[in-house]
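**Student:** Got a structure for you, questions after.
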Amino acid sequence: MKLYAAPLEGMTNDLWRPIHADIFGGADRYFTPFVSPNATYKFQTKELNELTHNEGLPVIPQILTNSADHFLWAAREMADMGYTEINFNLGCPSGTVTAKRKGAGMLSYPDDLQRMLEEIFAGLPTGMKLSVKTRIGKEREEEWNKLLEIYQMFPLSELIVHPRVQKEFYRGHARRQLMAETLAHAPWPVCYNGDIFSPADGANLEQAYPALDSLMMGRGLMADPALLRRIKGGSAATRQELRAYHDALWEAYRARLGGDLNAIYRMRELWNYLSGSFADTDKFLKSVRKAKTGAEYMSAVERLFAEKKLCENPAPPAGK
Ligand SMILES: Cc1cc2nc3c(=O)[nH]c(=O)nc-3n(C[C@H](O)[C@H](O)[C@H](O)COP(=O)(O)O)c2cc1C
């Protein structure tokens, strides 16, 4: 079973990927957080960073748009950069995205979705493979059959399924049971994504759905950066590894963002999940939220690493 790192906007970026791969052994594939091509036909600096710092890593760029024209422009740019596979985001649940019929917002318009996929496949650069990352619907799981029928019409390189509907965001449980029917009708490799937080979760999925080609992990991997290694039978993250991981990210953000405060904002997002690797972190998280300088931030981090136990089964905090 291949193991993929999910795209998480603001976290699994070009700075994070090599640090994660170096310390924890890497993923079979890293998917970039989405880039959003538009009528300017230019990538933003942040997007160019995502696309141009990936030497030696198996990185698949992800595109979010509702325009086949903008999609194909981005696909051609990515082909020129040397990418041979790209991913189409049909899962983002954010209100600002879905209001524009992008991400999971597109799932309510199956005819438009089919037309857009037809246009995309007709215009993809030669040799470029395309995978889709999708939710199972906008409102109700009954939408999935129709969507699956549409995906079956196209030569996807793989289908990555996060079996929640848009309106659930990340609440409740992913509907794993839909994978049986999905796999029964899948002409392409299928990747399962959703709520894999432990090696046991991975093993259960593998046992229940042996036809799955890969598993993708997002929040679980942010809570426990050694999750992929543990699923492969390897060791849990050590305190030294977590410290090296933290310090490398902190330094990388400080260098990129040119100041401690902006780097602290980024590290707060990381700690929302990574705190799951430690026991009893309420006070620590409060200190990190209050920290206004690098010194205040680092003193909270020093206390955490000096005083708190590691969790045996790290998990993302409830509600995240
Ligand atoms: C903060 C955050 C940012 C995300 N950004 C993206 C993104 O840019 N592209 C995407 O396809 N999914 C994005 N996702 C969804 C994840 O890739 C993944 O599908 C979701 O978290 C479910 O998997 P998990 O249960 O393993 O976390 C994001 C999720 C979160 C929580």
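Letters for chains follow the order of the structure tokens (A, B, ...), residue numbers begin at 1 for each chain, and ligand numbers begin at 1 in the order shown.
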At a cut-off of 6 Å around ligand 1, and using only C-alpha atoms and all ligand atoms, what residues come up? Please write them as number ranges by chain.
**Tutor:** A: 6-9, 33-34, 89, 91-92, 162, 193-196, 217-220
**Student:** From the DSSP assignment of the backbone, select every residue of range 3-223 of chain A that is helix (DSSP H, G or I), and format the answer as number ranges by chain.
**Tutor:** A: 16-24, 45-52, 68-80, 95-98, 103-108, 110-123, 141-152, 166-168, 178-184, 199-208, 219-223
**Student:** Show me, as a compact mmCIF listing (two decimals) with N, CA and C atoms, in the first residue's frame, the residues that have an atom within 12 Å of Ala248 in chain A when counting only C-alpha atoms, minus same-chain residues fewer than 4 positions from it.
**Tutor:**
# COMPACT_ATOMS: atom_id res chain seq x y z
N LEU A 15 8.41 24.31 2.21
CA LEU A 15 9.38 24.31 3.31
C LEU A 15 9.25 23.03 4.12
N TRP A 16 8.00 22.63 4.33
CA TRP A 16 7.72 21.46 5.18
C TRP A 16 8.16 20.15 4.54
N ARG A 17 7.92 20.00 3.23
CA ARG A 17 8.10 18.68 2.60
C ARG A 17 9.52 18.12 2.77
N PRO A 18 10.58 18.89 2.43
CA PRO A 18 11.92 18.28 2.57
C PRO A 18 12.29 18.03 4.03
N ILE A 19 11.79 18.87 4.93
CA ILE A 19 12.11 18.66 6.36
C ILE A 19 11.44 17.37 6.83
N HIS A 20 10.18 17.19 6.44
CA HIS A 20 9.48 15.96 6.82
C HIS A 20 10.19 14.73 6.23
N ASP A 22 13.25 14.35 5.24
CA ASP A 22 14.59 14.16 5.78
C ASP A 22 14.53 13.49 7.16
N ILE A 23 13.62 13.96 8.00
CA ILE A 23 13.62 13.46 9.38
C ILE A 23 12.79 12.18 9.53
N GLU A 241 13.79 13.76 17.38
CA GLU A 241 13.28 13.98 16.02
C GLU A 241 12.25 15.11 16.00
N LEU A 242 11.37 15.09 16.98
CA LEU A 242 10.34 16.14 17.01
C LEU A 242 10.99 17.50 17.20
N ARG A 243 12.04 17.52 18.01
CA ARG A 243 12.73 18.79 18.25
C ARG A 243 13.43 19.27 16.97
N ALA A 244 14.08 18.33 16.28
CA ALA A 244 14.77 18.70 15.03
C ALA A 244 13.75 19.19 13.99
N ALA A 252 13.09 27.79 9.05
CA ALA A 252 12.70 27.97 7.65
C ALA A 252 11.65 29.07 7.53
N TYR A 253 10.68 29.08 8.43
CA TYR A 253 9.65 30.13 8.38
C TYR A 253 10.23 31.50 8.71
N ARG A 254 11.13 31.54 9.70
CA ARG A 254 11.73 32.85 10.04
C ARG A 254 12.49 33.40 8.84
N ALA A 255 13.23 32.52 8.17
CA ALA A 255 14.01 32.97 7.01
C ALA A 255 13.08 33.41 5.88
N ALA A 263 6.37 34.11 11.60
CA ALA A 263 6.75 32.69 11.79
C ALA A 263 5.96 32.08 12.95
N MET A 267 3.71 28.71 13.11
CA MET A 267 3.97 27.63 14.07
C MET A 267 2.73 27.36 14.93
**Student:** List every residue of range 39-208 of chain A that DSSP, applied to the backbone, labels as strand (DSSP E), and write the result as an NGL selection string.
**Tutor:** :A and (59-60 or 62-63 or 85-90 or 129-137 or 159-165 or 190-193)
